[in-house]
Every structure is written in structure tokens, then in C-alpha cells.
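S.K.: One file: data_10.txt (compact mmCIF, C-alpha atoms).
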```
# COMPACT_ATOMS: atom_id res chain seq x y z
CA MET A 46 44.94 -272.02 -94.82
CA PRO A 47 45.34 -269.29 -92.17
CA ASP A 48 45.03 -270.26 -88.50
CA ALA A 49 41.49 -269.43 -87.39
CA LEU A 50 42.87 -268.02 -84.14
CA HIS A 51 45.60 -265.95 -85.75
CA ASP A 52 44.80 -262.23 -85.92
CA PRO A 53 48.03 -260.27 -86.55
CA LEU A 54 46.38 -256.83 -86.35
CA GLY A 55 43.76 -257.71 -83.73
CA LEU A 56 40.89 -256.64 -85.99
CA ILE A 57 38.51 -259.62 -86.03
CA GLY A 58 35.14 -258.60 -84.62
CA THR A 59 35.82 -254.88 -84.95
CA ALA A 60 34.40 -252.30 -87.34
CA ILE A 61 36.71 -250.27 -89.57
CA ALA A 62 35.68 -246.73 -90.56
CA GLU A 63 32.21 -247.56 -89.17
CA LYS A 64 31.53 -249.37 -92.44
CA TYR A 65 33.34 -252.71 -92.52
CA GLU A 66 32.96 -255.53 -90.00
CA VAL A 67 36.11 -257.66 -89.97
CA LEU A 68 35.12 -261.34 -90.07
CA LYS A 69 38.29 -263.39 -90.38
CA LEU A 70 41.90 -263.43 -91.48
CA ALA A 71 42.20 -264.28 -95.16
CA GLY A 72 45.99 -264.41 -95.25
CA GLU A 73 49.23 -262.52 -94.83
CA GLY A 74 52.47 -262.01 -96.68
CA GLY A 75 55.62 -259.97 -96.43
CA PHE A 76 53.90 -256.77 -97.57
CA SER A 77 50.36 -257.04 -96.29
CA VAL A 78 47.68 -258.65 -94.15
CA VAL A 79 44.26 -259.39 -95.64
CA TYR A 80 40.94 -259.88 -93.90
CA LYS A 81 37.53 -260.88 -95.11
CA ALA A 82 35.03 -258.25 -94.02
CA GLN A 83 31.40 -257.34 -94.58
CA HIS A 84 29.98 -253.98 -95.53
CA LEU A 85 27.71 -253.08 -92.63
CA ILE A 86 25.04 -251.44 -94.80
CA TRP A 87 25.17 -253.44 -98.03
CA ARG A 88 25.80 -256.72 -96.17
CA GLN A 89 28.17 -257.82 -98.92
CA PRO A 90 31.59 -259.45 -98.44
CA VAL A 91 34.71 -257.48 -99.26
CA ALA A 92 38.43 -258.00 -98.88
CA MET A 93 40.47 -255.51 -96.87
CA LYS A 94 44.18 -255.42 -97.59
CA PHE A 95 46.35 -253.68 -94.99
CA PHE A 96 49.81 -252.71 -96.29
CA VAL A 97 51.76 -253.35 -93.10
CA LEU A 98 55.11 -252.69 -94.76
CA LEU A 99 54.24 -248.99 -94.98
CA GLU A 100 53.74 -248.81 -91.21
CA LYS A 101 57.52 -249.09 -90.94
CA ALA A 102 58.15 -246.13 -93.22
CA ASP A 103 60.28 -243.27 -92.01
CA PRO A 104 57.95 -240.79 -90.23
CA SER A 105 59.31 -237.97 -92.38
CA ALA A 106 58.12 -239.79 -95.52
CA ARG A 107 54.74 -241.03 -94.33
CA ASP A 108 52.63 -238.11 -95.60
CA ARG A 109 54.21 -238.35 -99.04
CA LEU A 110 53.74 -242.12 -99.12
CA LEU A 111 50.09 -241.74 -98.13
CA ASP A 112 49.53 -239.21 -100.93
CA GLU A 113 51.11 -241.61 -103.43
CA PHE A 114 49.05 -244.50 -102.02
CA ILE A 115 45.85 -242.48 -102.58
CA GLN A 116 46.89 -241.66 -106.14
CA GLU A 117 47.53 -245.33 -106.83
CA GLY A 118 44.13 -246.23 -105.37
CA ARG A 119 42.44 -243.69 -107.61
CA LEU A 120 44.17 -245.09 -110.68
CA MET A 121 43.23 -248.62 -109.59
CA SER A 122 39.57 -247.60 -109.41
CA GLU A 123 39.69 -245.92 -112.82
CA LEU A 124 41.33 -248.89 -114.50
CA SER A 125 38.91 -251.40 -112.98
CA SER A 126 35.99 -249.27 -114.23
CA ARG A 127 37.27 -249.73 -117.78
CA SER A 128 37.66 -253.50 -117.69
CA ALA A 129 35.75 -256.27 -115.95
CA ALA A 130 38.99 -258.24 -116.05
CA ILE A 131 40.64 -256.00 -113.43
CA VAL A 132 39.76 -256.57 -109.77
CA GLN A 133 37.64 -253.71 -108.47
CA ALA A 134 38.82 -251.26 -105.83
CA ARG A 135 35.92 -250.19 -103.59
CA ASP A 136 37.47 -247.91 -100.98
CA ILE A 137 40.70 -246.70 -99.43
CA GLY A 138 41.67 -245.53 -95.96
CA LYS A 139 44.15 -245.77 -93.12
CA LEU A 140 44.06 -247.66 -89.84
CA GLN A 141 45.40 -245.75 -86.84
CA THR A 142 47.89 -247.72 -84.74
CA SER A 143 50.01 -246.99 -81.71
CA ASP A 144 52.95 -246.40 -84.05
CA GLY A 145 51.12 -244.29 -86.64
CA TRP A 146 48.89 -245.71 -89.37
CA ILE A 147 48.57 -248.53 -91.87
CA PRO A 148 46.97 -247.78 -95.25
CA TYR A 149 44.40 -250.22 -96.60
CA MET A 150 42.36 -250.90 -99.72
CA VAL A 151 38.88 -252.38 -99.85
CA LEU A 152 38.48 -254.70 -102.82
CA GLU A 153 35.81 -256.93 -104.30
CA TRP A 154 35.70 -260.43 -102.84
CA LEU A 155 36.42 -263.04 -105.51
CA ASP A 156 35.60 -266.75 -105.52
CA GLY A 157 37.88 -268.68 -107.81
CA ILE A 158 41.36 -270.12 -108.05
CA ALA A 159 44.63 -268.43 -108.93
CA LEU A 160 46.22 -269.72 -112.12
CA ASP A 161 49.35 -270.93 -110.31
CA GLU A 162 47.15 -273.01 -107.98
CA LEU A 163 45.25 -274.36 -110.96
CA LEU A 164 48.44 -275.41 -112.73
CA ILE A 165 49.66 -277.30 -109.67
CA ALA A 166 46.29 -279.04 -109.35
CA GLU A 167 46.50 -280.02 -113.02
CA ILE A 168 50.02 -281.37 -112.56
CA ARG A 169 48.78 -283.53 -109.69
CA VAL A 170 46.06 -285.12 -111.82
CA ARG A 171 48.33 -285.22 -114.88
CA ALA A 172 46.02 -283.10 -116.98
CA PRO A 173 47.31 -282.47 -120.52
CA ALA A 174 49.08 -279.21 -121.21
CA ARG A 175 47.10 -276.58 -123.09
CA ASP A 176 48.03 -275.85 -126.67
CA LEU A 177 48.72 -272.28 -127.77
CA VAL A 178 45.16 -271.62 -128.93
CA ALA A 179 43.70 -272.75 -125.59
CA SER A 180 46.36 -270.81 -123.68
CA MET A 181 45.61 -267.63 -125.60
CA LYS A 182 41.88 -268.08 -125.06
CA LEU A 183 42.44 -268.35 -121.31
CA LEU A 184 44.70 -265.31 -121.12
CA GLU A 185 43.01 -263.02 -123.64
CA PRO A 186 41.04 -261.13 -120.93
CA VAL A 187 44.35 -260.53 -119.16
CA ALA A 188 45.92 -259.23 -122.36
CA ALA A 189 42.92 -256.95 -122.94
CA ALA A 190 43.11 -255.54 -119.40
CA LEU A 191 46.85 -254.94 -119.64
CA GLU A 192 46.48 -253.22 -123.00
CA ILE A 193 44.02 -250.77 -121.44
CA ALA A 194 46.60 -249.95 -118.78
CA HIS A 195 49.49 -249.82 -121.25
CA ARG A 196 47.68 -247.29 -123.42
CA GLN A 197 47.55 -245.05 -120.36
CA GLY A 198 51.29 -245.50 -119.79
CA VAL A 199 50.68 -247.78 -116.79
CA ALA A 200 52.53 -251.06 -116.26
CA HIS A 201 51.72 -253.89 -113.86
CA ARG A 202 55.36 -254.93 -113.24
CA ASP A 203 54.51 -258.15 -111.38
CA MET A 204 52.59 -260.30 -113.84
CA LYS A 205 52.60 -263.99 -112.95
CA PRO A 206 50.09 -266.87 -112.77
CA ALA A 207 49.38 -266.06 -109.12
CA ASN A 208 48.03 -262.70 -110.30
CA VAL A 209 45.53 -264.25 -112.67
CA MET A 210 42.26 -265.33 -111.02
CA VAL A 211 40.25 -268.02 -112.80
CA ILE A 212 36.57 -267.83 -111.84
CA GLY A 213 33.90 -270.45 -112.48
CA PRO A 214 33.06 -274.09 -111.68
CA ASN A 215 35.19 -275.37 -114.59
CA PRO A 216 38.65 -273.75 -114.56
CA ARG A 217 39.41 -275.21 -117.99
CA GLU A 218 36.45 -273.19 -119.32
CA PRO A 219 36.27 -270.25 -116.87
CA LEU A 220 33.34 -267.87 -116.66
CA ALA A 221 35.74 -264.99 -116.11
CA VAL A 222 39.41 -264.20 -115.62
CA LYS A 223 40.65 -261.31 -113.50
CA VAL A 224 43.99 -259.53 -113.36
CA LEU A 225 45.17 -259.13 -109.79
CA ASP A 226 47.95 -257.26 -108.06
CA PHE A 227 47.36 -253.94 -109.78
CA GLY A 228 48.47 -252.31 -106.53
CA ILE A 229 50.93 -249.84 -105.14
CA ALA A 230 54.02 -250.96 -107.05
CA LYS A 231 55.80 -247.61 -106.91
CA VAL A 232 55.16 -247.00 -103.20
CA MET A 233 55.88 -250.58 -102.12
CA GLY A 234 58.93 -250.81 -104.34
CA GLU A 235 60.49 -247.77 -102.73
CA GLN A 236 59.76 -249.08 -99.25
CA VAL A 237 61.15 -252.52 -100.11
CA GLU A 238 64.46 -250.99 -101.20
CA GLN A 239 64.71 -249.11 -97.91
CA GLN A 240 64.04 -252.20 -95.80
CA GLN A 241 65.89 -254.77 -97.88
CA MET A 242 67.78 -257.26 -95.75
CA GLN A 243 66.47 -255.60 -92.56
CA GLU A 244 64.74 -257.60 -89.81
CA THR A 245 64.20 -260.74 -91.90
CA GLY A 246 67.68 -260.94 -93.40
CA GLN A 247 66.05 -262.12 -96.63
CA GLN A 248 66.51 -260.81 -100.13
CA ILE A 249 63.30 -258.91 -100.90
CA THR A 250 62.13 -257.82 -104.33
CA ALA A 251 59.18 -255.76 -105.50
CA PHE A 252 58.63 -258.29 -108.32
CA THR A 253 58.55 -262.08 -108.57
CA PRO A 254 61.97 -263.29 -109.83
CA SER A 255 60.56 -266.37 -111.58
CA TYR A 256 58.82 -263.98 -113.99
CA GLY A 257 61.31 -261.14 -113.91
CA ALA A 258 62.50 -259.33 -117.02
CA PRO A 259 66.19 -258.41 -117.41
CA GLU A 260 65.54 -254.76 -116.46
CA GLN A 261 64.10 -255.93 -113.14
CA PHE A 262 67.30 -257.79 -112.30
CA SER A 263 69.75 -255.17 -113.58
CA ARG A 264 69.29 -251.46 -114.12
CA LYS A 265 71.76 -251.53 -116.98
CA TYR A 266 68.89 -252.66 -119.21
CA GLY A 267 66.93 -249.51 -118.45
CA ALA A 268 63.55 -248.76 -116.92
CA THR A 269 60.58 -251.05 -116.43
CA GLY A 270 57.35 -250.38 -118.30
CA PRO A 271 54.67 -252.07 -120.42
CA TRP A 272 57.42 -254.04 -122.18
CA THR A 273 58.16 -255.64 -118.79
CA ASP A 274 54.61 -257.00 -118.70
CA VAL A 275 55.05 -258.30 -122.27
CA TYR A 276 58.09 -260.29 -121.15
CA ALA A 277 56.21 -261.78 -118.19
CA MET A 278 53.17 -262.67 -120.28
CA ALA A 279 55.35 -264.53 -122.76
CA LEU A 280 56.83 -266.51 -119.85
CA ILE A 281 53.33 -267.35 -118.59
CA LEU A 282 52.33 -268.61 -122.03
CA ILE A 283 55.44 -270.81 -122.16
CA GLU A 284 54.53 -272.17 -118.72
CA LEU A 285 51.03 -273.07 -119.89
CA LEU A 286 52.46 -274.81 -122.97
CA ARG A 287 54.83 -276.75 -120.70
CA GLY A 288 51.96 -277.95 -118.51
CA GLY A 289 52.96 -275.87 -115.50
CA GLN A 290 56.76 -276.01 -115.80
CA ARG A 291 58.22 -272.53 -115.48
CA ALA A 292 60.21 -270.94 -118.28
CA LEU A 293 62.84 -269.43 -115.95
CA GLU A 294 64.41 -272.18 -113.90
CA GLY A 295 66.52 -271.53 -110.83
CA GLU A 296 66.49 -271.72 -107.05
CA THR A 297 68.02 -268.37 -106.15
CA LEU A 298 67.64 -264.77 -107.20
CA PHE A 299 71.08 -264.96 -108.82
CA GLU A 300 70.25 -268.10 -110.81
CA LEU A 301 66.94 -266.71 -112.04
CA GLY A 302 68.57 -263.43 -112.97
CA ALA A 303 71.28 -265.23 -114.91
CA VAL A 304 68.66 -267.12 -116.95
CA SER A 305 66.57 -264.03 -117.60
CA CYS A 306 69.61 -261.99 -118.65
CA SER A 307 71.38 -264.67 -120.71
CA ASP A 308 72.43 -263.35 -124.11
CA THR A 309 73.04 -266.85 -125.48
CA LYS A 310 69.81 -268.71 -124.65
CA ARG A 311 66.39 -267.12 -124.60
CA PRO A 312 63.29 -268.90 -123.14
CA VAL A 313 61.51 -269.21 -126.50
CA PRO A 314 59.39 -272.28 -127.44
CA SER A 315 62.19 -274.05 -129.31
CA SER A 316 64.37 -273.92 -126.17
CA PHE A 317 61.96 -276.34 -124.51
CA GLY A 318 61.18 -278.52 -127.51
CA LEU A 319 57.68 -277.10 -127.86
CA PRO A 320 55.81 -277.13 -131.19
CA THR A 321 56.58 -273.91 -133.02
CA SER A 322 56.95 -272.27 -136.40
CA PRO A 323 59.33 -269.60 -137.74
CA ALA A 324 56.60 -266.95 -137.37
CA LEU A 325 55.72 -268.01 -133.83
CA GLU A 326 59.36 -268.28 -132.82
CA ALA A 327 59.95 -264.74 -134.08
CA VAL A 328 57.04 -263.40 -132.03
CA PHE A 329 58.29 -264.99 -128.81
CA ALA A 330 61.86 -263.92 -129.56
CA LYS A 331 60.68 -260.32 -129.83
CA ALA A 332 58.52 -260.52 -126.68
CA LEU A 333 61.43 -262.06 -124.74
CA ALA A 334 64.21 -259.90 -126.17
CA LEU A 335 67.02 -259.10 -123.77
CA GLU A 336 66.82 -255.37 -124.42
CA PRO A 337 63.49 -253.66 -123.66
CA LYS A 338 63.79 -251.51 -126.80
CA ASP A 339 63.71 -254.67 -128.92
CA ARG A 340 60.41 -255.96 -127.42
CA TYR A 341 56.80 -255.21 -128.27
CA PRO A 342 55.99 -251.85 -126.66
CA THR A 343 52.55 -252.89 -125.35
CA MET A 344 50.52 -256.00 -124.68
CA GLY A 345 48.25 -255.22 -127.64
CA ALA A 346 51.18 -255.27 -130.05
CA PHE A 347 52.35 -258.61 -128.65
CA TRP A 348 48.88 -260.16 -128.79
CA SER A 349 48.41 -258.97 -132.37
CA GLY A 350 51.71 -260.60 -133.30
CA LEU A 351 50.63 -263.86 -131.69
CA THR A 352 47.28 -263.77 -133.46
CA HIS A 353 48.89 -263.35 -136.88
CA ALA A 354 51.46 -266.07 -136.13
CA VAL A 355 48.78 -268.57 -135.08
CA THR A 356 46.30 -267.60 -137.80
CA PRO A 357 48.07 -266.05 -140.81
CA GLY A 358 45.86 -263.55 -142.57
CA ALA A 359 43.62 -263.05 -139.54
CA PRO A 360 42.37 -259.50 -138.85
CA THR A 361 44.47 -257.44 -136.49
CA TRP A 362 43.59 -258.25 -132.88
CA GLN A 363 41.18 -255.71 -131.41
CA ASN A 364 40.86 -255.17 -127.68
CA ALA A 365 37.26 -255.98 -126.85
CA GLY A 366 37.82 -255.75 -123.10
CA SER A 367 37.52 -252.00 -122.58
CA SER A 368 34.38 -250.22 -121.43
CA THR A 369 33.05 -246.81 -122.32
CA ALA A 370 34.38 -245.22 -119.15
CA GLY A 371 36.66 -242.24 -119.42
CA PRO A 372 40.44 -242.66 -119.75
CA ALA A 373 42.46 -243.44 -116.68
CA SER A 374 45.00 -240.95 -115.45
CA ALA A 375 48.60 -241.84 -116.23
CA SER A 376 50.01 -239.59 -113.51
CA ALA A 377 50.44 -242.45 -111.04
CA SER A 378 52.51 -245.55 -111.59
CA SER A 379 51.30 -249.15 -111.71
CA ILE A 380 49.13 -250.67 -109.03
CA ARG A 381 49.65 -253.95 -107.20
CA ILE A 382 46.78 -255.99 -105.81
CA HIS A 383 46.93 -259.74 -105.59
CA VAL A 384 43.98 -262.06 -104.92
CA ALA A 385 43.83 -265.84 -104.46
CA GLU A 386 40.91 -268.16 -103.65
CA GLY A 387 40.53 -271.89 -103.06
CA ALA A 388 44.23 -272.10 -102.40
CA LEU A 389 46.34 -275.23 -102.82
CA LEU A 390 49.82 -275.38 -101.33
CA THR A 391 52.53 -274.15 -103.69
CA GLY A 392 55.83 -274.93 -102.03
CA ARG A 393 57.28 -272.02 -100.08
CA GLU A 394 55.12 -269.40 -101.73
CA PRO A 395 52.36 -268.33 -99.31
CA THR A 396 48.88 -269.45 -100.29
CA LEU A 397 45.72 -268.13 -98.73
CA SER A 398 42.09 -269.23 -98.54
CA GLY A 399 39.20 -266.93 -99.29
CA ALA A 400 40.05 -263.79 -101.24
CA ALA A 401 43.61 -263.18 -100.18
CA TRP A 402 46.48 -261.04 -101.32
CA LEU A 403 50.01 -262.47 -101.44
CA ASP A 404 53.23 -260.59 -101.81
CA SER A 405 55.96 -262.94 -103.12
CA ALA A 406 58.54 -261.33 -100.88
CA THR A 407 60.95 -264.22 -101.36
CA VAL A 408 62.15 -266.17 -104.37
CA PRO A 409 59.61 -268.99 -104.87
CA THR A 410 60.55 -272.63 -104.85
CA PRO A 411 60.83 -273.88 -108.47
CA ARG A 412 58.01 -276.23 -109.35
CA ALA A 413 59.04 -279.86 -109.73
```
Transcribe the structure of this file into C-alpha cells.
M.R.:
Amino acid sequence: MPDALHDPLGLIGTAIAEKYEVLKLAGEGGFSVVYKAQHLIWRQPVAMKFFVLLEKADPSARDRLLDEFIQEGRLMSELSSRSAAIVQARDIGKLQTSDGWIPYMVLEWLDGIALDELLIAEIRVRAPARDLVASMKLLEPVAAALEIAHRQGVAHRDMKPANVMVIGPNPREPLAVKVLDFGIAKVMGEQVEQQQMQETGQQITAFTPSYGAPEQFSRKYGATGPWTDVYAMALILIELLRGGQRALEGETLFELGAVSCSDTKRPVPSSFGLPTSPALEAVFAKALALEPKDRYPTMGAFWSGLTHAVTPGAPTWQNAGSSTAGPASASASSIRIHVAEGALLTGREPTLSGAAWLDSATVPTPRA
């Protein structure tokens, strides 16, 4: 939980853009600082995420980065209008500082628990692992939201349990599930590469290595895209089936990359002794293929394959999560926003109370 007296940007008690009263620090990570605020007119809580990493951008690139940030915010808003399972973007702006400016997004305030926190809580009480049907039921809203984005040519590129918010009094039977961290992946990724190993001396990545696809560890596998999200979603399903034990096991970026890129052992169900079938094994093998060209091209294709493997002869899976809003623009790249609520400690990964956005700037500690 953040220190009540800690205020890294000195904003508590101030009004931003004459619209948002900053109430308290919600949390901070390597990329951003998040505050809980209240809309001064609507009197409703919101979360304000300040992307502090961009304050350190080269002055010659700041205008371009701000333009890209605005484009990403627009795409975020359009995507969230098409699916209730995507966290809503409410506003966008920039905070003037003595050194320049810090861009920020205003997002809906969510009360719930991130899936990674939920899994750790379930491990502590020795709750039984979910079977595949229960796991698919939990994640179907996520699959539907990602399919909407994938059909617009947009990829998340940092899917992980921490970016899945479970909302409701009974997390085993949630009222809603939200996809988080649809944020400024392209802009932040570029800035991360420029500042890698600077100041902190740490290895920084624009994705979470424990859920990284081969193309995120090595460019020899080609570009990232919707197929990258398919890979991560398959890993999340394996983790649910294993009762919270991650599919990629390793303590360093190198070790995790070696597991993800292994051409001799793939993290399919049979690798962990999980119940499986030839049809199910084939679906996971395709979703977790080493080469992106060999994977399902979108989340919808993967989810359809799973549905047929679990229930042979079932109708083709239809995405029921989209709204009637107009199509989102595919001109901008994927968006990264990450929310967590009711946080429990998760090793060295930062955890925040309230609605808080984390950044996974370092390789997380493997779960015991």
C-alpha cells in the first residue's frame, strides 16, 4: 500500500485542468505515477495516470511523442466504447513541470482485484485450481475484448494476469472482468529502449517477460501483433489450470527468454502433466508455436479452436462482447493501461491499493 505521506509529483490537494481534484496517491511504477482524483463537477472518482517516463524524453522528440500519445488515447477511448470489458478512458492532457510536461490519462476508477492478486490469495488458502471450462468462462470477456482490438489490427502486447481485473464480491463468480493496460505501448516502448540501463542500471522491457512470446525476446522471430496476445493468453490459461503456477519459469530475463524460445519443449498442457486430449493439445501447440506465422492470427481464432476442442461439434464461437459503436481506428498501435485494486503483495512486483496502474519494469519474482 502506498505511503499516505508520499506524493512524488506534489499533486495531492491540487486541481488539474480545473476539473480533477487530486485526493491521494494510488501507486507508482517504473513508467508512471497514479493518483485517485475526483471530478469537480460530477463528484465521481477517477484515476489519473501520469506517464513520468515521457518527461525524460529528448526535447526534440517531445512534440512527436505527445502527438502519438494523443492518438493512442483516442484509440483507447474508441476501443473501450465497443466493449464493456475494456477499461474506459475519460480524458487526456499534460501536466506542466519545471522541466517540460508529463502526459496523463484519466480513467474510470475500478473496485476489484487483479487476477494475479487473486491467484496468490487462492494459493494461500489452498483453493482448488480451475478446470479448463471454468478458466475459459472467467477469461471469455478478455478474449472478446481482445478480438475486437485484433480485428482492428491492434494488439495489446502485454497481456498477463495483472492486466485482468476481476470485479465483484465473489471473485470465483465475478460480476465483470476488465482488460487493463491497453495503453501507450508504442510510445512507451520507444522511450524504454532509449533509457534502457540508464539511471537505474536495471534491464527494462516494454512487456512482462514471464508472459513474453519469442518475438518479444528476439527480433529474429519477427514483429509482434495479435498473435503475441494469443501466446500470452495461452500462458495465462495454463497458469489457471496449474492453480497459479506460471507456465514460463525462470528468475532472469535470459532464463525466461530461453524457456519461451525453446524449440524442444513448449509450455503445452502435457508438459505440466495437466489433463488434456489430442485435440486440446493441438490447440495449445498452435497458440504457443515458436514462430508467429504458425500461431492463431487472432484471439477469436484461438478461442474458437478451444471451444471446439472442449466441446466437439459445438457452434463456432461468436464474439458477444462488442457493442454497436463504430469501428476503432487502426492507425495507432496498441494501448497500455494497467489497473489493480485490493492489492495483495506479489513478491517484487509492485502492487497498489485503490485503482492503480503498474508497469512491470523489472522481471518479476517467480511465484513459489
S.K.: So, with all atoms listed in the file as the atoms that count, which of A:Val222, A:Met278, A:Ala194, A:Val211 lies closest to Arg127 in chain A?
M.R.: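 Checking each candidate against Arg127 in chain A, we get A:Ala194 as the closest.
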S.K.: At what distance in Å, to one decimal, does CA of Pro312 in chain A lie from CA of Glu167 in chain A?
M.R.: 22.5 Å
S.K.: What is the CA of Pro148 in chain A to CA of His84 in chain A distance in Å?
M.R.: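 Separation of CA of Pro148 in chain A and CA of His84 in chain A: 18.1 Å.
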S.K.: Of the candidates A:Leu333, A:Leu163, A:Leu298, A:Val328, which one gets nearest to Leu351 in chain A if we count all atoms listed in the file?
M.R.: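 Among the listed residues, the smallest separation from Leu351 in chain A belongs to A:Val328.
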S.K.: Expressed in Å to a single decimal, how great is the separation between CA of Ile281 in chain A and CA of Gln116 in chain A?
M.R.: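 Pair CA of Ile281 in chain A / CA of Gln116 in chain A returns 29.3 Å.
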S.K.: Quick one: residues within 9 Å of range 58-62 of chain A, all atoms listed in the file, excluding same-chain residues fewer than 4 positions away - as a list in words?
M.R.: Glu66, Val67, Leu68, Lys69, Ala82, Leu85, Gly138, Lys139 and Leu140 of chain A
S.K.: Nearest to Arg107 in chain A among A:Ala221, A:Ala207, A:Ile147, A:Val199, with distances taken over all atoms listed in the file: which residue is it?
M.R.: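 The answer is A:Ile147, which sits nearest to Arg107 in chain A.
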S.K.: Using only C-alpha atoms, can you tell me which of A:Pro206, A:Pro259, A:Gly295, A:Gly55 comes closest to Leu282 in chain A?
M.R.: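 Nearest to Leu282 in chain A: A:Pro206.
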S.K.: Might you pull out every residue within 6 Å of Val91 in chain A, with all atoms listed in the file counted and same-chain residues fewer than 4 positions away left off, and present them as a PyMOL selection string?
M.R.: chain A and resi 82-83+152-154
S.K.: Could you list, as a PyMOL selection string, every residue within 12 Å of Ala179 in chain A, counting all atoms listed in the file and ignoring same-chain residues fewer than 5 positions away?
M.R.: chain A and resi 173-174+184-185+217-219+282+285-286+355
S.K.: Pick from A:Ile283, A:Glu162, A:Ile86, A:Met150: nearest to Phe114 in chain A, with all atoms listed in the file counted?
M.R.: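 Ranking A:Ile283, A:Glu162, A:Ile86, A:Met150 by distance to Phe114 in chain A, first place goes to A:Met150.
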S.K.: From the options A:Arg287, A:Lys310, A:Lys338, A:Arg202, which residue's atoms come nearest to Gln261 in chain A, counting all atoms listed in the file?
M.R.: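 The answer is A:Arg202, which sits nearest to Gln261 in chain A.
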S.K.: So which residues touch Gly288 in chain A within 12 Å, counting all atoms listed in the file, skipping near sequence neighbours fewer than 6 positions away, as a count of residues only?
M.R.: 24
S.K.: So that I can see what lies close to Pro337 in chain A, please list as an MDAnalysis selection string the residues with an atom at most 12 Å from it, counting only C-alpha atoms and leaving out residues fewer than 2 positions away in the same chain.
M.R.: chainID A and resid 258:261 263:276 306 330:335 339:343
S.K.: Would you please take range 270-287 of chain A of the structure in the block above and write N, CA, C and O atoms to a file as a CSV table (one decimal), in the first residue's frame?
M.R.:
```csv
chain,number,residue,atom,x,y,z
A,270,GLY,N,2.3,-8.7,-32.6
A,270,GLY,CA,1.0,-8.4,-33.2
A,270,GLY,C,-0.1,-9.2,-32.4
A,270,GLY,O,0.2,-9.7,-31.3
A,271,PRO,N,-1.3,-9.3,-32.9
A,271,PRO,CA,-2.3,-10.1,-32.3
A,271,PRO,C,-1.9,-11.5,-31.9
A,271,PRO,O,-2.3,-12.0,-30.8
A,272,TRP,N,-1.0,-12.1,-32.7
A,272,TRP,CA,-0.5,-13.5,-32.3
A,272,TRP,C,0.3,-13.5,-31.1
A,272,TRP,O,0.4,-14.5,-30.4
A,273,THR,N,0.9,-12.3,-30.7
A,273,THR,CA,1.6,-12.2,-29.4
A,273,THR,C,0.6,-12.3,-28.3
A,273,THR,O,0.9,-12.9,-27.2
A,274,ASP,N,-0.5,-11.7,-28.4
A,274,ASP,CA,-1.6,-11.8,-27.4
A,274,ASP,C,-2.1,-13.2,-27.2
A,274,ASP,O,-2.4,-13.6,-26.1
A,275,VAL,N,-2.2,-13.9,-28.4
A,275,VAL,CA,-2.6,-15.3,-28.3
A,275,VAL,C,-1.7,-16.1,-27.5
A,275,VAL,O,-2.1,-16.9,-26.7
A,276,TYR,N,-0.4,-15.9,-27.7
A,276,TYR,CA,0.6,-16.7,-26.9
A,276,TYR,C,0.5,-16.4,-25.5
A,276,TYR,O,0.4,-17.3,-24.6
A,277,ALA,N,0.3,-15.1,-25.1
A,277,ALA,CA,0.2,-14.7,-23.7
A,277,ALA,C,-1.1,-15.3,-23.1
A,277,ALA,O,-1.1,-15.8,-21.9
A,278,MET,N,-2.2,-15.3,-23.8
A,278,MET,CA,-3.4,-15.8,-23.3
A,278,MET,C,-3.3,-17.3,-23.0
A,278,MET,O,-3.9,-17.8,-22.0
A,279,ALA,N,-2.7,-18.0,-23.9
A,279,ALA,CA,-2.5,-19.5,-23.7
A,279,ALA,C,-1.7,-19.7,-22.4
A,279,ALA,O,-2.0,-20.6,-21.6
A,280,LEU,N,-0.7,-18.9,-22.2
A,280,LEU,CA,0.1,-19.0,-20.9
A,280,LEU,C,-0.7,-18.7,-19.7
A,280,LEU,O,-0.6,-19.4,-18.7
A,281,ILE,N,-1.6,-17.7,-19.8
A,281,ILE,CA,-2.5,-17.4,-18.7
A,281,ILE,C,-3.4,-18.6,-18.4
A,281,ILE,O,-3.7,-18.9,-17.2
A,282,LEU,N,-4.0,-19.2,-19.4
A,282,LEU,CA,-4.8,-20.4,-19.2
A,282,LEU,C,-4.1,-21.5,-18.5
A,282,LEU,O,-4.6,-22.1,-17.6
A,283,ILE,N,-2.8,-21.8,-19.0
A,283,ILE,CA,-2.0,-22.8,-18.3
A,283,ILE,C,-1.8,-22.5,-16.9
A,283,ILE,O,-1.9,-23.3,-16.0
A,284,GLU,N,-1.6,-21.2,-16.5
A,284,GLU,CA,-1.4,-20.8,-15.2
A,284,GLU,C,-2.6,-21.0,-14.3
A,284,GLU,O,-2.5,-21.5,-13.2
A,285,LEU,N,-3.8,-20.7,-14.9
A,285,LEU,CA,-5.0,-21.0,-14.1
A,285,LEU,C,-5.2,-22.5,-13.9
A,285,LEU,O,-5.6,-22.9,-12.8
A,286,LEU,N,-4.9,-23.3,-14.9
A,286,LEU,CA,-5.0,-24.8,-14.8
A,286,LEU,C,-4.0,-25.3,-13.7
A,286,LEU,O,-4.3,-26.4,-13.1
A,287,ARG,N,-2.9,-24.6,-13.6
A,287,ARG,CA,-1.9,-25.0,-12.6
A,287,ARG,C,-2.1,-24.4,-11.2
A,287,ARG,O,-1.2,-24.6,-10.4
```
